file data-v8.pdb (PDB, C-alpha atoms, pLDDT in the B column)
ATOM      1  CA  MET A1185      38.022  71.244  13.208  1.00 59.00           C
ATOM      2  CA  ASP A1186      41.519  71.248  14.634  1.00 86.00           C
ATOM      3  CA  SER A1187      44.413  72.986  12.922  1.00 95.00           C
ATOM      4  CA  ARG A1188      45.888  69.764  11.503  1.00 95.00           C
ATOM      5  CA  ASP A1189      42.634  68.865   9.762  1.00 95.00           C
ATOM      6  CA  ARG A1190      42.159  72.401   8.451  1.00 95.00           C
ATOM      7  CA  LEU A1191      45.722  72.572   7.115  1.00 96.00           C
ATOM      8  CA  LEU A1192      45.437  69.171   5.427  1.00 96.00           C
ATOM      9  CA  GLN A1193      42.269  70.225   3.634  1.00 95.00           C
ATOM     10  CA  GLU A1194      43.739  73.566   2.594  1.00 96.00           C
ATOM     11  CA  LEU A1195      46.694  71.789   0.966  1.00 96.00           C
ATOM     12  CA  ARG A1196      44.523  69.656  -1.294  1.00 96.00           C
ATOM     13  CA  PRO A1197      44.049  70.716  -4.884  1.00 95.00           C
ATOM     14  CA  GLU A1198      40.576  71.096  -6.304  1.00 92.00           C
ATOM     15  CA  ILE A1199      39.625  68.607  -8.977  1.00 91.00           C
ATOM     16  CA  PRO A1200      36.752  69.982 -11.070  1.00 85.00           C
ATOM     17  CA  SER A1201      36.082  66.599 -12.686  1.00 84.00           C
ATOM     18  CA  ALA A1202      35.612  64.925  -9.269  1.00 79.00           C
ATOM     19  CA  LYS A1203      31.958  65.849  -8.938  1.00 82.00           C
ATOM     20  CA  ILE A1204      29.980  65.585  -5.736  1.00 85.00           C
ATOM     21  CA  LEU A1205      26.422  64.765  -6.805  1.00 85.00           C
ATOM     22  CA  PRO A1206      23.236  64.062  -4.889  1.00 89.00           C
ATOM     23  CA  GLY A1207      22.457  60.367  -4.655  1.00 92.00           C
ATOM     24  CA  MET A1208      26.015  59.126  -5.081  1.00 94.00           C
ATOM     25  CA  SER A1209      27.165  56.325  -2.817  1.00 95.00           C
ATOM     26  CA  GLU A1210      29.160  57.075   0.326  1.00 95.00           C
ATOM     27  CA  ASP A1211      32.192  55.343  -1.203  1.00 96.00           C
ATOM     28  CA  GLU A1212      31.996  57.412  -4.384  1.00 95.00           C
ATOM     29  CA  TYR A1213      31.564  60.582  -2.330  1.00 95.00           C
ATOM     30  CA  PHE A1214      34.652  59.694  -0.246  1.00 97.00           C
ATOM     31  CA  GLN A1215      36.568  58.895  -3.412  1.00 96.00           C
ATOM     32  CA  ASN A1216      35.806  62.240  -5.050  1.00 95.00           C
ATOM     33  CA  LYS A1217      35.952  64.397  -1.916  1.00 96.00           C
ATOM     34  CA  THR A1218      38.993  62.804  -0.249  1.00 97.00           C
ATOM     35  CA  LEU A1219      40.907  60.183  -2.244  1.00 98.00           C
ATOM     36  CA  ARG A1220      41.264  61.962  -5.579  1.00 97.00           C
ATOM     37  CA  PRO A1221      42.505  65.266  -4.100  1.00 98.00           C
ATOM     38  CA  ILE A1222      44.956  63.434  -1.828  1.00 98.00           C
ATOM     39  CA  ALA A1223      46.267  61.345  -4.740  1.00 98.00           C
ATOM     40  CA  LYS A1224      46.790  64.493  -6.791  1.00 97.00           C
ATOM     41  CA  LEU A1225      48.520  66.219  -3.865  1.00 98.00           C
ATOM     42  CA  GLN A1226      50.752  63.184  -3.265  1.00 98.00           C
ATOM     43  CA  ASN A1227      51.426  62.447  -6.951  1.00 96.00           C
ATOM     44  CA  ASP A1228      55.114  63.416  -6.941  1.00 94.00           C
ATOM     45  CA  LEU A1229      55.733  61.334  -3.828  1.00 97.00           C
ATOM     46  CA  LEU A1230      53.824  58.346  -5.261  1.00 97.00           C
ATOM     47  CA  VAL A1231      55.938  58.514  -8.440  1.00 94.00           C
ATOM     48  CA  ALA A1232      59.166  58.801  -6.425  1.00 94.00           C
ATOM     49  CA  VAL A1233      58.182  55.809  -4.284  1.00 97.00           C
ATOM     50  CA  PHE A1234      57.455  53.756  -7.396  1.00 96.00           C
ATOM     51  CA  ARG A1235      60.759  54.768  -8.994  1.00 93.00           C
ATOM     52  CA  ASN A1236      62.539  53.632  -5.837  1.00 96.00           C
ATOM     53  CA  TYR A1237      60.578  50.364  -5.941  1.00 97.00           C
ATOM     54  CA  ALA A1238      61.644  49.800  -9.570  1.00 95.00           C
ATOM     55  CA  ARG A1239      65.263  50.598  -8.689  1.00 95.00           C
ATOM     56  CA  LYS A1240      65.235  48.122  -5.820  1.00 96.00           C
ATOM     57  CA  HIS A1241      63.917  45.488  -8.224  1.00 94.00           C
ATOM     58  CA  LYS A1242      66.927  45.788 -10.540  1.00 92.00           C
ATOM     59  CA  ASN A1243      65.420  48.447 -12.831  1.00 89.00           C
ATOM     60  CA  VAL A1244      63.776  45.820 -15.066  1.00 94.00           C
ATOM     61  CA  PHE A1245      60.800  48.182 -15.341  1.00 93.00           C
ATOM     62  CA  TYR A1246      62.811  50.507 -17.588  1.00 90.00           C
ATOM     63  CA  ASP A1247      63.657  47.727 -20.050  1.00 92.00           C
ATOM     64  CA  LEU A1248      59.998  46.823 -20.626  1.00 93.00           C
ATOM     65  CA  SER A1249      57.641  47.903 -23.388  1.00 91.00           C
ATOM     66  CA  ILE A1250      54.913  50.384 -22.468  1.00 90.00           C
ATOM     67  CA  GLU A1251      52.323  47.602 -22.264  1.00 92.00           C
ATOM     68  CA  LYS A1252      54.559  45.514 -19.997  1.00 95.00           C
ATOM     69  CA  ARG A1253      55.235  48.573 -17.822  1.00 94.00           C
ATOM     70  CA  LEU A1254      51.498  48.951 -17.285  1.00 94.00           C
ATOM     71  CA  ASP A1255      51.344  45.289 -16.270  1.00 96.00           C
ATOM     72  CA  TYR A1256      54.362  45.767 -13.985  1.00 97.00           C
ATOM     73  CA  ILE A1257      52.653  48.640 -12.151  1.00 97.00           C
ATOM     74  CA  GLU A1258      49.460  46.604 -11.839  1.00 96.00           C
ATOM     75  CA  ASN A1259      51.325  43.570 -10.468  1.00 97.00           C
ATOM     76  CA  ALA A1260      53.461  45.615  -8.084  1.00 97.00           C
ATOM     77  CA  ILE A1261      50.360  47.154  -6.502  1.00 97.00           C
ATOM     78  CA  HIS A1262      48.292  43.979  -6.406  1.00 96.00           C
ATOM     79  CA  LYS A1263      50.876  41.372  -5.471  1.00 97.00           C
ATOM     80  CA  ASP A1264      53.501  43.128  -3.352  1.00 97.00           C
ATOM     81  CA  MET A1265      51.683  43.714  -0.075  1.00 98.00           C
ATOM     82  CA  LYS A1266      54.574  45.611   1.497  1.00 98.00           C
ATOM     83  CA  PHE A1267      54.609  48.072  -1.418  1.00 98.00           C
ATOM     84  CA  ARG A1268      50.806  48.302  -1.431  1.00 98.00           C
ATOM     85  CA  ASN A1269      50.748  49.051   2.295  1.00 98.00           C
ATOM     86  CA  SER A1270      53.363  51.750   1.801  1.00 98.00           C
ATOM     87  CA  LEU A1271      51.184  53.407  -0.852  1.00 98.00           C
ATOM     88  CA  LYS A1272      48.146  53.166   1.423  1.00 98.00           C
ATOM     89  CA  GLY A1273      50.129  54.822   4.214  1.00 98.00           C
ATOM     90  CA  ILE A1274      51.058  57.718   1.943  1.00 98.00           C
ATOM     91  CA  MET A1275      47.360  58.278   1.286  1.00 98.00           C
ATOM     92  CA  ILE A1276      45.941  57.551   4.756  1.00 98.00           C
ATOM     93  CA  GLY A1277      48.493  59.841   6.394  1.00 98.00           C
ATOM     94  CA  GLN A1278      46.752  62.747   4.674  1.00 98.00           C
ATOM     95  CA  PHE A1279      43.297  61.941   6.094  1.00 98.00           C
ATOM     96  CA  THR A1280      41.647  64.206   8.608  1.00 98.00           C
ATOM     97  CA  MET A1281      40.411  62.495  11.771  1.00 97.00           C
ATOM     98  CA  THR A1282      36.835  62.544  10.460  1.00 97.00           C
ATOM     99  CA  GLU A1283      37.930  61.044   7.143  1.00 98.00           C
ATOM    100  CA  TYR A1284      39.852  58.339   8.959  1.00 98.00           C
ATOM    101  CA  GLU A1285      36.773  57.479  11.009  1.00 98.00           C
ATOM    102  CA  THR A1286      34.784  57.199   7.766  1.00 97.00           C
ATOM    103  CA  TYR A1287      37.554  55.143   6.159  1.00 98.00           C
ATOM    104  CA  ILE A1288      37.718  52.516   8.917  1.00 98.00           C
ATOM    105  CA  LEU A1289      33.979  51.851   8.583  1.00 97.00           C
ATOM    106  CA  ASN A1290      34.466  50.547   5.039  1.00 96.00           C
ATOM    107  CA  SER A1291      38.213  50.200   4.557  1.00 97.00           C
ATOM    108  CA  SER A1292      38.060  47.181   2.249  1.00 97.00           C
ATOM    109  CA  SER A1293      35.984  48.906  -0.417  1.00 97.00           C
ATOM    110  CA  LEU A1294      37.799  52.204   0.004  1.00 98.00           C
ATOM    111  CA  ASN A1295      41.210  50.480  -0.256  1.00 98.00           C
ATOM    112  CA  LYS A1296      40.182  49.127  -3.670  1.00 98.00           C
ATOM    113  CA  ARG A1297      39.176  52.584  -4.821  1.00 98.00           C
ATOM    114  CA  MET A1298      42.352  54.093  -3.363  1.00 98.00           C
ATOM    115  CA  MET A1299      44.653  51.599  -5.074  1.00 98.00           C
ATOM    116  CA  ASN A1300      42.842  52.000  -8.389  1.00 98.00           C
ATOM    117  CA  ILE A1301      43.369  55.759  -8.221  1.00 98.00           C
ATOM    118  CA  VAL A1302      47.047  55.338  -7.292  1.00 98.00           C
ATOM    119  CA  LYS A1303      47.522  52.748 -10.044  1.00 97.00           C
ATOM    120  CA  GLU A1304      45.995  55.070 -12.657  1.00 96.00           C
ATOM    121  CA  ARG A1305      48.156  57.975 -11.454  1.00 96.00           C
ATOM    122  CA  LEU A1306      51.300  55.843 -11.768  1.00 96.00           C
ATOM    123  CA  LYS A1307      50.305  54.558 -15.189  1.00 95.00           C
ATOM    124  CA  SER A1308      49.674  58.095 -16.422  1.00 92.00           C
ATOM    125  CA  SER A1309      53.088  59.125 -15.084  1.00 90.00           C
ATOM    126  CA  ILE A1310      55.044  56.523 -17.064  1.00 80.00           C
ATOM    127  CA  GLN A1311      56.496  59.189 -19.364  1.00 69.00           C
ATOM    128  CA  LEU A1312      57.843  61.081 -16.363  1.00 67.00           C
ATOM    129  CA  MET A1313      59.339  57.896 -14.923  1.00 63.00           C
ATOM    130  CA  VAL A1314      61.228  57.196 -18.147  1.00 62.00           C
ATOM    131  CA  LEU A1315      62.679  60.709 -18.246  1.00 58.00           C
ATOM    132  CA  VAL A1316      64.056  60.588 -14.714  1.00 56.00           C
ATOM    133  CA  ALA A1317      65.246  56.975 -14.695  1.00 52.00           C
TER     134      ALA A1317
END
call {"tool": "encode", "arguments": {"input": "data-v8.pdb", "output": "structure tokens"}}
result
Amino acid sequence: MDSRDRLLQELRPEIPSAKILPGMSEDEYFQNKTLRPIAKLQNDLLVAVFRNYARKHKNVFYDLSIEKRLDYIENAIHKDMKFRNSLKGIMIGQFTMTEYETYILNSSSLNKRMMNIVKERLKSSIQLMVLVA
């Protein structure tokens, strides 16, 4: 393992709830071993990127009810491909070479998992977004 890969893995937080169990699918294994720790590591950056996105879209996000904010996050990730690709880049940039090789074998399925994790992280960070608006 080269130094970049080793350093990337050392940076990642451990997530006790992200279990690695025998018999789990390759996608679920990748999700728990790679995607969840990277999303947790990148959480502050993901929130900052979303806040910038909301600002560039006239701050309407901050005038919405909590339920509408959840919908706004969902729509931003699913419908704005430029924003979605930016979020994917934030995550993929933290992959080791081996993880990237695994990712490209099944990127479609793993992208869905990745965006669901990012979406849930952003939704759970709504309180933080309101405080720093």
call {"tool": "atom_distance", "arguments": {"input": "data-v8.pdb", "atom1": "atom CA of Tyr1284 of chain A", "atom2": "atom CA of Arg1235 of chain A"}}
result
27.8 Å
call {"tool": "resolve_selection", "arguments": {"input": "data-v8.pdb", "expression": "the PyMOL selection byres ((chain A and resi 1282) around 12)", "output": "list in words"}}
result
Met1185, Asp1186, Arg1188, Asp1189, Arg1190, Leu1192, Gln1193, Phe1214, Thr1218, Ile1276, Gln1278, Phe1279, Thr1280, Met1281, Glu1283, Tyr1284, Glu1285, Thr1286, Tyr1287, Ile1288 and Leu1289 of chain A
call {"tool": "atom_distance", "arguments": {"input": "data-v8.pdb", "atom1": "atom CA of Lys1263 of chain A", "atom2": "atom CA of Ala1202 of chain A"}}
result
28.3 Å
call {"tool": "resolve_selection", "arguments": {"input": "data-v8.pdb", "expression": "the PyMOL selection byres ((chain A and resi 1254) around 12)", "output": "JSON, numbers by chain"}}
result
{"A": [1245, 1246, 1248, 1249, 1250, 1251, 1252, 1253, 1255, 1256, 1257, 1258, 1259, 1260, 1261, 1303, 1304, 1305, 1306, 1307, 1308, 1309, 1310, 1311]}
call {"tool": "closest_residue", "arguments": {"input": "data-v8.pdb", "among": "A:Ile1301, A:Leu1191, A:Leu1205, A:Ala1238", "to": "Gln1226 of chain A", "atoms": "all atoms listed in the file"}}
result
A:Ile1301
call {"tool": "closest_residue", "arguments": {"input": "data-v8.pdb", "among": "A:Leu1230, A:Asn1300, A:Lys1240, A:Ser1292", "to": "Ile1274 of chain A", "atoms": "all atoms listed in the file"}}
result
A:Leu1230
call {"tool": "atom_distance", "arguments": {"input": "data-v8.pdb", "atom1": "atom CA of Pro1197 of chain A", "atom2": "atom CA of Leu1229 of chain A"}}
result
15.0 Å
call {"tool": "closest_residue", "arguments": {"input": "data-v8.pdb", "among": "A:Met1208, A:Ile1199, A:Met1299, A:Leu1219", "to": "Asn1269 of chain A", "atoms": "all atoms listed in the file"}}
result
A:Met1299
call {"tool": "closest_residue", "arguments": {"input": "data-v8.pdb", "among": "A:Lys1203, A:Arg1196, A:Arg1268, A:Arg1239", "to": "Asn1227 of chain A", "atoms": "all atoms listed in the file"}}
result
A:Arg1196
call {"tool": "closest_residue", "arguments": {"input": "data-v8.pdb", "among": "A:Asn1216, A:Glu1198, A:Val1302, A:Asn1290", "to": "Asp1228 of chain A", "atoms": "all atoms listed in the file"}}
result
A:Val1302
call {"tool": "closest_residue", "arguments": {"input": "data-v8.pdb", "among": "A:Asn1236, A:Asn1243, A:Ser1209, A:Ser1201", "to": "Leu1294 of chain A", "atoms": "all atoms listed in the file"}}
result
A:Ser1209
call {"tool": "build_atoms", "arguments": {"input": "data-v8.pdb", "residues": "segment 1261-1272 of chain A", "atoms": "all heavy atoms", "output": "CSV table (one decimal), in the coordinates of the input"}}
result
chain,number,residue,atom,x,y,z
A,1261,ILE,N,51.4,46.7,-7.4
A,1261,ILE,CA,50.4,47.2,-6.5
A,1261,ILE,C,49.5,46.0,-6.0
A,1261,ILE,O,49.2,46.0,-4.8
A,1261,ILE,CB,49.5,48.3,-7.1
A,1261,ILE,CG1,50.4,49.5,-7.3
A,1261,ILE,CG2,48.3,48.5,-6.3
A,1261,ILE,CD1,49.7,50.6,-8.1
A,1262,HIS,N,49.2,45.1,-6.8
A,1262,HIS,CA,48.3,44.0,-6.4
A,1262,HIS,C,49.0,42.8,-5.7
A,1262,HIS,O,48.4,42.2,-4.8
A,1262,HIS,CB,47.5,43.4,-7.6
A,1262,HIS,CG,46.5,44.4,-8.1
A,1262,HIS,ND1,45.3,44.7,-7.3
A,1262,HIS,CD2,46.4,45.1,-9.2
A,1262,HIS,CE1,44.6,45.6,-8.0
A,1262,HIS,NE2,45.2,45.8,-9.1
A,1263,LYS,N,50.2,42.6,-6.0
A,1263,LYS,CA,50.9,41.4,-5.5
A,1263,LYS,C,51.9,41.6,-4.4
A,1263,LYS,O,52.2,40.8,-3.6
A,1263,LYS,CB,51.5,40.6,-6.6
A,1263,LYS,CG,50.5,40.0,-7.6
A,1263,LYS,CD,51.1,39.2,-8.6
A,1263,LYS,CE,50.0,38.6,-9.5
A,1263,LYS,NZ,50.5,37.9,-10.7
A,1264,ASP,N,52.5,42.8,-4.4
A,1264,ASP,CA,53.5,43.1,-3.4
A,1264,ASP,C,52.8,43.9,-2.2
A,1264,ASP,O,52.7,45.1,-2.2
A,1264,ASP,CB,54.6,44.0,-4.0
A,1264,ASP,CG,55.8,44.2,-3.0
A,1264,ASP,OD1,55.6,44.2,-1.8
A,1264,ASP,OD2,56.9,44.3,-3.5
A,1265,MET,N,52.4,43.1,-1.2
A,1265,MET,CA,51.7,43.7,-0.1
A,1265,MET,C,52.5,44.8,0.7
A,1265,MET,O,51.9,45.8,1.2
A,1265,MET,CB,51.2,42.6,0.9
A,1265,MET,CG,50.2,41.7,0.2
A,1265,MET,SD,48.9,42.5,-0.7
A,1265,MET,CE,47.9,43.1,0.6
A,1266,LYS,N,53.8,44.6,0.8
A,1266,LYS,CA,54.6,45.6,1.5
A,1266,LYS,C,54.5,46.9,0.7
A,1266,LYS,O,54.3,48.0,1.3
A,1266,LYS,CB,56.0,45.1,1.6
A,1266,LYS,CG,56.9,45.9,2.5
A,1266,LYS,CD,58.2,45.2,2.7
A,1266,LYS,CE,59.2,46.0,3.5
A,1266,LYS,NZ,60.5,45.4,3.6
A,1267,PHE,N,54.7,46.9,-0.6
A,1267,PHE,CA,54.6,48.1,-1.4
A,1267,PHE,C,53.2,48.7,-1.4
A,1267,PHE,O,53.1,49.9,-1.2
A,1267,PHE,CB,55.0,47.7,-2.9
A,1267,PHE,CG,55.0,48.9,-3.8
A,1267,PHE,CD1,55.8,50.0,-3.6
A,1267,PHE,CD2,54.1,48.9,-4.9
A,1267,PHE,CE1,55.7,51.1,-4.5
A,1267,PHE,CE2,54.1,49.9,-5.8
A,1267,PHE,CZ,54.9,51.0,-5.6
A,1268,ARG,N,52.2,47.8,-1.5
A,1268,ARG,CA,50.8,48.3,-1.4
A,1268,ARG,C,50.5,49.0,-0.1
A,1268,ARG,O,49.9,50.1,-0.1
A,1268,ARG,CB,49.9,47.1,-1.6
A,1268,ARG,CG,48.4,47.4,-1.6
A,1268,ARG,CD,47.6,46.1,-1.7
A,1268,ARG,NE,46.2,46.3,-1.6
A,1268,ARG,CZ,45.4,46.4,-2.7
A,1268,ARG,NH1,45.9,46.3,-3.9
A,1268,ARG,NH2,44.1,46.6,-2.5
A,1269,ASN,N,51.0,48.4,1.0
A,1269,ASN,CA,50.7,49.1,2.3
A,1269,ASN,C,51.5,50.4,2.4
A,1269,ASN,O,51.0,51.3,3.1
A,1269,ASN,CB,51.1,48.1,3.4
A,1269,ASN,CG,50.1,47.0,3.6
A,1269,ASN,OD1,49.0,47.1,3.2
A,1269,ASN,ND2,50.6,45.9,4.1
A,1270,SER,N,52.6,50.5,1.8
A,1270,SER,CA,53.4,51.8,1.8
A,1270,SER,C,52.6,52.8,1.1
A,1270,SER,O,52.4,54.0,1.5
A,1270,SER,CB,54.7,51.5,1.1
A,1270,SER,OG,55.4,52.8,1.0
A,1271,LEU,N,52.0,52.5,-0.1
A,1271,LEU,CA,51.2,53.4,-0.9
A,1271,LEU,C,49.9,53.8,-0.1
A,1271,LEU,O,49.6,55.0,0.0
A,1271,LEU,CB,50.8,52.8,-2.2
A,1271,LEU,CG,51.9,52.5,-3.2
A,1271,LEU,CD1,51.4,51.7,-4.4
A,1271,LEU,CD2,52.6,53.8,-3.6
A,1272,LYS,N,49.3,52.8,0.6
A,1272,LYS,CA,48.1,53.2,1.4
A,1272,LYS,C,48.5,54.1,2.5
A,1272,LYS,O,47.8,55.1,2.8
A,1272,LYS,CB,47.5,51.9,2.0
A,1272,LYS,CG,46.7,51.1,1.1
A,1272,LYS,CD,45.8,50.1,1.8
A,1272,LYS,CE,46.6,48.9,2.2
A,1272,LYS,NZ,45.7,47.8,2.7
